[in-house]
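The next block is work-v2.pdb, given as PDB, C-alpha atoms and all ligand atoms.
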ATOM      1  CA  MET A 233     -41.987 -24.765 -52.116
ATOM      2  CA  SER A 234     -41.359 -21.278 -50.767
ATOM      3  CA  LYS A 235     -37.867 -20.366 -49.708
ATOM      4  CA  LYS A 236     -36.907 -20.376 -46.082
ATOM      5  CA  LYS A 237     -35.528 -17.264 -44.409
ATOM      6  CA  ILE A 238     -32.089 -17.171 -42.813
ATOM      7  CA  ALA A 239     -30.311 -14.420 -40.875
ATOM      8  CA  THR A 240     -26.898 -13.987 -39.280
ATOM      9  CA  PHE A 241     -25.976 -11.762 -36.356
ATOM     10  CA  TRP A 242     -22.786 -10.435 -34.794
ATOM     11  CA  LEU A 243     -22.690  -9.885 -31.022
ATOM     12  CA  GLY A 244     -19.428  -9.928 -29.018
ATOM     13  CA  GLY A 245     -17.090 -11.497 -31.551
ATOM     14  CA  CYS A 246     -14.288 -10.558 -33.935
ATOM     15  CA  SER A 247     -16.265 -11.250 -37.162
ATOM     16  CA  GLY A 248     -13.941 -14.177 -37.897
ATOM     17  CA  CYS A 249     -16.918 -16.538 -37.942
ATOM     18  CA  HIS A 250     -18.586 -14.402 -40.614
ATOM     19  CA  MET A 251     -15.320 -14.382 -42.590
ATOM     20  CA  SER A 252     -15.416 -18.177 -42.461
ATOM     21  CA  LEU A 253     -19.037 -18.083 -43.621
ATOM     22  CA  LEU A 254     -17.886 -16.131 -46.687
ATOM     23  CA  ASP A 255     -15.382 -18.921 -47.325
ATOM     24  CA  ILE A 256     -18.204 -21.252 -48.377
ATOM     25  CA  ASP A 257     -17.592 -19.457 -51.705
ATOM     26  CA  GLU A 258     -19.775 -20.656 -54.582
ATOM     27  CA  ARG A 259     -21.770 -22.887 -52.241
ATOM     28  CA  ILE A 260     -23.606 -19.697 -51.263
ATOM     29  CA  LEU A 261     -25.572 -20.331 -54.483
ATOM     30  CA  GLU A 262     -26.830 -23.617 -53.035
ATOM     31  CA  VAL A 263     -27.882 -21.778 -49.887
ATOM     32  CA  ALA A 264     -29.590 -19.155 -52.061
ATOM     33  CA  LYS A 265     -31.640 -21.872 -53.794
ATOM     34  CA  LEU A 266     -33.096 -22.904 -50.441
ATOM     35  CA  ALA A 267     -33.239 -19.668 -48.497
ATOM     36  CA  GLU A 268     -33.273 -15.920 -48.655
ATOM     37  CA  ILE A 269     -30.689 -14.184 -46.441
ATOM     38  CA  VAL A 270     -32.925 -11.508 -44.959
ATOM     39  CA  LYS A 271     -30.584  -9.920 -42.422
ATOM     40  CA  SER A 272     -26.851 -10.120 -41.836
ATOM     41  CA  PRO A 273     -23.772  -7.930 -41.390
ATOM     42  CA  ILE A 274     -22.866  -9.033 -44.930
ATOM     43  CA  VAL A 275     -26.156  -7.993 -46.596
ATOM     44  CA  ASP A 276     -28.461  -5.012 -46.339
ATOM     45  CA  GLY A 277     -31.618  -5.219 -44.264
ATOM     46  CA  LYS A 278     -32.537  -3.162 -41.254
ATOM     47  CA  GLU A 279     -35.574  -4.919 -39.819
ATOM     48  CA  LEU A 280     -35.503  -8.091 -37.740
ATOM     49  CA  PRO A 281     -38.014 -10.353 -39.506
ATOM     50  CA  GLU A 282     -39.232 -13.764 -38.450
ATOM     51  CA  VAL A 283     -36.743 -16.318 -39.747
ATOM     52  CA  ASP A 284     -36.367 -20.073 -39.976
ATOM     53  CA  VAL A 285     -32.669 -20.137 -39.066
ATOM     54  CA  SER A 286     -30.506 -17.598 -37.213
ATOM     55  CA  LEU A 287     -26.736 -17.954 -36.919
ATOM     56  CA  VAL A 288     -25.463 -15.839 -34.026
ATOM     57  CA  GLU A 289     -21.748 -15.074 -33.716
ATOM     58  CA  GLY A 290     -20.210 -13.807 -30.495
ATOM     59  CA  ALA A 291     -20.780 -13.824 -26.760
ATOM     60  CA  VAL A 292     -23.189 -11.710 -24.736
ATOM     61  CA  CYS A 293     -20.972  -8.927 -23.360
ATOM     62  CA  ASN A 294     -23.201  -5.901 -22.772
ATOM     63  CA  GLN A 295     -26.795  -4.863 -22.268
ATOM     64  CA  GLU A 296     -27.388  -4.313 -25.992
ATOM     65  CA  HIS A 297     -26.285  -7.877 -26.705
ATOM     66  CA  ALA A 298     -28.574  -9.206 -23.962
ATOM     67  CA  GLU A 299     -31.562  -7.384 -25.446
ATOM     68  CA  GLU A 300     -30.650  -8.333 -29.008
ATOM     69  CA  ILE A 301     -30.309 -12.052 -28.326
ATOM     70  CA  ARG A 302     -33.749 -12.084 -26.689
ATOM     71  CA  ALA A 303     -35.227 -10.324 -29.738
ATOM     72  CA  ILE A 304     -33.444 -12.735 -32.089
ATOM     73  CA  ARG A 305     -34.747 -15.713 -30.110
ATOM     74  CA  ALA A 306     -38.291 -14.403 -30.304
ATOM     75  CA  LYS A 307     -38.099 -14.175 -34.106
ATOM     76  CA  SER A 308     -36.155 -17.382 -34.843
ATOM     77  CA  ARG A 309     -37.589 -20.857 -35.328
ATOM     78  CA  ILE A 310     -34.070 -22.317 -35.050
ATOM     79  CA  LEU A 311     -31.275 -20.445 -33.271
ATOM     80  CA  VAL A 312     -27.690 -21.593 -33.834
ATOM     81  CA  ALA A 313     -24.737 -20.597 -31.641
ATOM     82  CA  PHE A 314     -22.211 -19.813 -34.365
ATOM     83  CA  GLY A 315     -18.569 -20.285 -33.304
ATOM     84  CA  ASP A 316     -16.818 -20.709 -29.976
ATOM     85  CA  CYS A 317     -17.585 -17.214 -28.643
ATOM     86  CA  ALA A 318     -21.291 -17.951 -28.966
ATOM     87  CA  VAL A 319     -20.893 -21.546 -27.736
ATOM     88  CA  THR A 320     -18.599 -21.023 -24.717
ATOM     89  CA  ALA A 321     -17.962 -17.218 -24.537
ATOM     90  CA  ASN A 322     -14.367 -18.055 -25.546
ATOM     91  CA  VAL A 323     -12.058 -15.029 -25.952
ATOM     92  CA  PRO A 324     -14.468 -12.310 -24.701
ATOM     93  CA  SER A 325     -14.904 -14.207 -21.424
ATOM     94  CA  MET A 326     -11.270 -13.457 -20.515
ATOM     95  CA  ARG A 327     -12.740 -10.210 -19.223
ATOM     96  CA  ASN A 328     -14.581 -12.183 -16.510
ATOM     97  CA  ARG A 329     -11.436 -12.325 -14.379
ATOM     98  CA  PHE A 330     -11.753  -8.586 -13.819
ATOM     99  CA  THR A 331     -14.431  -6.131 -12.802
ATOM    100  CA  LYS A 332     -16.202  -4.113 -15.492
ATOM    101  CA  GLU A 333     -14.450  -0.999 -14.221
ATOM    102  CA  GLU A 334     -11.021  -2.640 -14.426
ATOM    103  CA  ALA A 335     -11.718  -3.820 -17.966
ATOM    104  CA  LEU A 336     -12.808  -0.368 -19.151
ATOM    105  CA  GLU A 337      -9.895   1.315 -17.407
ATOM    106  CA  ARG A 338      -7.426  -1.071 -19.044
ATOM    107  CA  ALA A 339      -9.000  -0.783 -22.464
ATOM    108  CA  TYR A 340      -9.330   2.987 -22.621
ATOM    109  CA  ARG A 341      -6.942   4.584 -20.133
ATOM    110  CA  GLY A 342      -4.221   2.019 -19.585
ATOM    111  CA  VAL A 343      -3.496   1.083 -23.165
ATOM    112  CA  GLU A 344       0.231   1.383 -23.979
ATOM    113  CA  SER A 345      -0.308   2.673 -27.503
ATOM    114  CA  ASP A 346      -1.998   5.795 -26.192
ATOM    115  CA  ASP A 347       1.078   7.424 -24.578
ATOM    116  CA  GLY A 348      -0.762   7.699 -21.287
ATOM    117  CA  ARG A 349      -3.253  10.128 -22.824
ATOM    118  CA  GLY A 350      -6.044   7.571 -22.723
ATOM    119  CA  ARG A 351      -9.553   8.646 -21.855
ATOM    120  CA  MET A 352     -12.976   7.144 -21.935
ATOM    121  CA  PRO A 353     -14.674   7.399 -25.353
ATOM    122  CA  ALA A 354     -16.708  10.516 -26.024
ATOM    123  CA  VAL A 355     -19.462   8.461 -27.626
ATOM    124  CA  GLU A 356     -21.702   6.417 -25.404
ATOM    125  CA  ILE A 357     -20.746   2.760 -25.245
ATOM    126  CA  ALA A 358     -23.194   0.013 -24.339
ATOM    127  CA  PRO A 359     -23.063  -0.733 -20.592
ATOM    128  CA  LEU A 360     -21.134  -3.906 -19.882
ATOM    129  CA  ILE A 361     -22.916  -6.716 -18.058
ATOM    130  CA  ASP A 362     -21.192  -8.210 -15.019
ATOM    131  CA  ARG A 363     -20.216 -11.442 -16.718
ATOM    132  CA  VAL A 364     -19.603 -12.252 -20.377
ATOM    133  CA  ALA A 365     -21.700 -15.316 -21.188
ATOM    134  CA  PRO A 366     -22.376 -17.774 -24.001
ATOM    135  CA  LEU A 367     -25.743 -17.527 -25.726
ATOM    136  CA  HIS A 368     -27.335 -20.469 -23.942
ATOM    137  CA  GLU A 369     -27.070 -18.652 -20.598
ATOM    138  CA  HIS A 370     -29.474 -16.030 -21.958
ATOM    139  CA  VAL A 371     -31.777 -17.907 -24.347
ATOM    140  CA  LYS A 372     -32.558 -21.410 -25.547
ATOM    141  CA  VAL A 373     -30.084 -22.482 -28.236
ATOM    142  CA  ASP A 374     -31.098 -25.200 -30.695
ATOM    143  CA  TYR A 375     -27.767 -26.066 -32.336
ATOM    144  CA  TYR A 376     -24.083 -25.332 -31.833
ATOM    145  CA  ILE A 377     -21.364 -24.851 -34.449
ATOM    146  CA  PRO A 378     -18.016 -25.066 -32.601
ATOM    147  CA  GLY A 379     -14.715 -23.674 -33.825
ATOM    148  CA  CYS A 380     -12.696 -20.474 -33.704
ATOM    149  CA  PRO A 381     -13.671 -19.910 -36.369
ATOM    150  CA  PRO A 382     -15.683 -22.918 -37.543
ATOM    151  CA  SER A 383     -14.508 -24.195 -40.910
ATOM    152  CA  ALA A 384     -16.479 -23.191 -43.994
ATOM    153  CA  ASP A 385     -17.189 -26.891 -44.626
ATOM    154  CA  LEU A 386     -18.741 -27.282 -41.212
ATOM    155  CA  ILE A 387     -20.814 -24.099 -41.553
ATOM    156  CA  PHE A 388     -22.133 -25.158 -44.941
ATOM    157  CA  TYR A 389     -22.927 -28.661 -43.706
ATOM    158  CA  VAL A 390     -24.962 -27.400 -40.731
ATOM    159  CA  VAL A 391     -26.784 -24.697 -42.711
ATOM    160  CA  ALA A 392     -27.610 -27.075 -45.580
ATOM    161  CA  GLU A 393     -28.921 -29.740 -43.204
ATOM    162  CA  LEU A 394     -31.137 -27.279 -41.354
ATOM    163  CA  LEU A 395     -32.491 -25.754 -44.556
ATOM    164  CA  ASN A 396     -33.325 -29.265 -45.771
ATOM    165  CA  ASP A 397     -35.173 -29.987 -42.503
ATOM    166  CA  ARG A 398     -32.565 -32.482 -41.372
ATOM    167  CA  VAL A 399     -30.746 -32.638 -38.048
ATOM    168  CA  PRO A 400     -27.018 -31.920 -38.476
ATOM    169  CA  VAL A 401     -24.812 -34.483 -36.765
ATOM    170  CA  LEU A 402     -21.328 -33.168 -36.108
ATOM    171  CA  GLY A 403     -18.579 -35.635 -36.863
ATOM    172  CA  GLN A 404     -20.636 -37.388 -39.543
ATOM    173  CA  GLY A 405     -20.286 -36.185 -43.084
ATOM    174  CA  THR A 406     -17.998 -33.404 -41.989
ATOM    175  CA  GLN A 407     -14.715 -32.824 -40.231
ATOM    176  CA  LEU A 408     -14.506 -30.742 -37.103
ATOM    177  CA  LYS A 409     -11.658 -28.385 -37.867
ATOM    178  CA  TYR A 410     -10.454 -25.655 -35.552
ATOM    179  CA  GLY A 411      -8.725 -22.576 -36.863
TER     180      GLY A 411
HETATM  181  S1  LIG B 501     -15.167 -17.846 -32.339
HETATM  182 FE1  LIG B 501     -13.122 -17.078 -32.904
HETATM  183  S2  LIG B 501     -13.378 -16.326 -35.003
HETATM  184 FE2  LIG B 501     -15.462 -16.512 -34.118
HETATM  185  S3  LIG B 501     -15.918 -14.476 -33.253
HETATM  186 FE3  LIG B 501     -14.991 -15.709 -31.604
HETATM  187  S4  LIG B 501     -12.787 -15.211 -31.684
HETATM  188 FE4  LIG B 501     -13.683 -14.557 -33.617
END
Give the structure from this file in structure tokens form.
Ligand code: SF4
Amino acid sequence: MSKKKIATFWLGGCSGCHMSLLDIDERILEVAKLAEIVKSPIVDGKELPEVDVSLVEGAVCNQEHAEEIRAIRAKSRILVAFGDCAVTANVPSMRNRFTKEEALERAYRGVESDDGRGRMPAVEIAPLIDRVAPLHEHVKVDYYIPGCPPSADLIFYVVAELLNDRVPVLGQGTQLKYG
């Protein structure tokens, strides 16, 4: 049986979900028996290939994210919202109480650590979208892994079930742990 292909992506998140993924430790060898990790922030690989399973961390915060999640959806047989930012928009959605302009002003000009010398970045930053949103507001999501971050046990359980063509059932065979 040929190996499946799996990829992970990082949109508007803190990378904590990927750190938790690394915490599956030696169980990565079990994943490697079933699948090849073809693209991820934690491995090399520039192209976006067709994959069986995509884990997507983070909310959709800017236009680049919105385009990327559509491209990921188009190439993924199964798309998983990976962690609370992807599932609910979580921490990044705190920005939704303010306008885009207020958020940028606060982040770059009003920050206390900058001695009032703050200025907008010289490099171009991706244009913010009006409202930070969870993945399912932009594309169809097949499965959700909750948690901030999800526990390594939960991540491994869901990934192993999907790679074995089974439907993961949260709360059975695993504990839902937050933090
Ligand atoms: S869910 Fe939590 S750990 Fe994961 S990206 Fe969001 S803030 Fe970070």
Determine, for each residue of chain A having at least one atom at most 9 Å from an atom of ligand LIG 501 (chain B), the closest pair of atoms and their separation in Å to one decimal, counting only C-alpha atoms and all ligand atoms; order by chain and ascending number, as JSON lines.
{"residue": "A:Trp242", "atom": "CA", "partner": "B:LIG501", "partner_atom": "S3", "distance": 8.1}
{"residue": "A:Leu243", "atom": "CA", "partner": "B:LIG501", "partner_atom": "S3", "distance": 8.5}
{"residue": "A:Gly244", "atom": "CA", "partner": "B:LIG501", "partner_atom": "S3", "distance": 7.1}
{"residue": "A:Gly245", "atom": "CA", "partner": "B:LIG501", "partner_atom": "S3", "distance": 3.6}
{"residue": "A:Cys246", "atom": "CA", "partner": "B:LIG501", "partner_atom": "FE4", "distance": 4.1}
{"residue": "A:Ser247", "atom": "CA", "partner": "B:LIG501", "partner_atom": "S3", "distance": 5.1}
{"residue": "A:Gly248", "atom": "CA", "partner": "B:LIG501", "partner_atom": "S2", "distance": 3.6}
{"residue": "A:Cys249", "atom": "CA", "partner": "B:LIG501", "partner_atom": "FE2", "distance": 4.1}
{"residue": "A:His250", "atom": "CA", "partner": "B:LIG501", "partner_atom": "FE2", "distance": 7.5}
{"residue": "A:Met251", "atom": "CA", "partner": "B:LIG501", "partner_atom": "S2", "distance": 8.1}
{"residue": "A:Ser252", "atom": "CA", "partner": "B:LIG501", "partner_atom": "S2", "distance": 7.9}
{"residue": "A:Glu289", "atom": "CA", "partner": "B:LIG501", "partner_atom": "S3", "distance": 5.9}
{"residue": "A:Gly290", "atom": "CA", "partner": "B:LIG501", "partner_atom": "S3", "distance": 5.1}
{"residue": "A:Ala291", "atom": "CA", "partner": "B:LIG501", "partner_atom": "FE3", "distance": 7.8}
{"residue": "A:Phe314", "atom": "CA", "partner": "B:LIG501", "partner_atom": "FE2", "distance": 7.5}
{"residue": "A:Gly315", "atom": "CA", "partner": "B:LIG501", "partner_atom": "S1", "distance": 4.3}
{"residue": "A:Asp316", "atom": "CA", "partner": "B:LIG501", "partner_atom": "S1", "distance": 4.1}
{"residue": "A:Cys317", "atom": "CA", "partner": "B:LIG501", "partner_atom": "FE3", "distance": 4.2}
{"residue": "A:Ala318", "atom": "CA", "partner": "B:LIG501", "partner_atom": "S1", "distance": 7.0}
{"residue": "A:Val319", "atom": "CA", "partner": "B:LIG501", "partner_atom": "S1", "distance": 8.2}
{"residue": "A:Thr320", "atom": "CA", "partner": "B:LIG501", "partner_atom": "S1", "distance": 8.9}
{"residue": "A:Ala321", "atom": "CA", "partner": "B:LIG501", "partner_atom": "FE3", "distance": 7.8}
{"residue": "A:Asn322", "atom": "CA", "partner": "B:LIG501", "partner_atom": "FE3", "distance": 6.5}
{"residue": "A:Val323", "atom": "CA", "partner": "B:LIG501", "partner_atom": "S4", "distance": 5.8}
{"residue": "A:Pro324", "atom": "CA", "partner": "B:LIG501", "partner_atom": "FE3", "distance": 7.7}
{"residue": "A:Pro378", "atom": "CA", "partner": "B:LIG501", "partner_atom": "S1", "distance": 7.8}
{"residue": "A:Gly379", "atom": "CA", "partner": "B:LIG501", "partner_atom": "S1", "distance": 6.0}
{"residue": "A:Cys380", "atom": "CA", "partner": "B:LIG501", "partner_atom": "FE1", "distance": 3.5}
{"residue": "A:Pro381", "atom": "CA", "partner": "B:LIG501", "partner_atom": "S2", "distance": 3.8}
{"residue": "A:Pro382", "atom": "CA", "partner": "B:LIG501", "partner_atom": "FE2", "distance": 7.3}
{"residue": "A:Gly411", "atom": "CA", "partner": "B:LIG501", "partner_atom": "S2", "distance": 8.0}
For Val401 (chain A): contacts at 10 Å, only C-alpha atoms, fewer than 6 positions along chain excluded, given as number ranges by chain:
A: 375, 389-390, 393
Query - Shell around region 280-282 of chain A at 12 Å using only C-alpha atoms, local window under 3 positions removed, as a ChimeraX atom specification - result: /A:236-241,268-272,276-277,285-286,300-311
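Here CA of Val373 (chain A) is placed at a distance of 25.0 Å from CA of Glu262 (chain A).
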In Å and to one decimal, CA of Leu253 (chain A) is distant from CA of Val275 (chain A) by 12.7 Å
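Across the structure, CA of Ile260 (chain A) and CA of Ala313 (chain A) are spaced 19.7 Å apart.
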* For a cut-off of 10 Å around (-34.3, -22.2, -59.1), file coordinates, pick out all residues using all atoms listed in the file and list them as a count of residues only. => 4
Self-check item: Given the PyMOL selection byres (((chain A and resi 328) around 12) and not hetatm), the residues it picks as a PyMOL selection string
Solution: chain A and resi 292-293+321-327+329-335+360-365
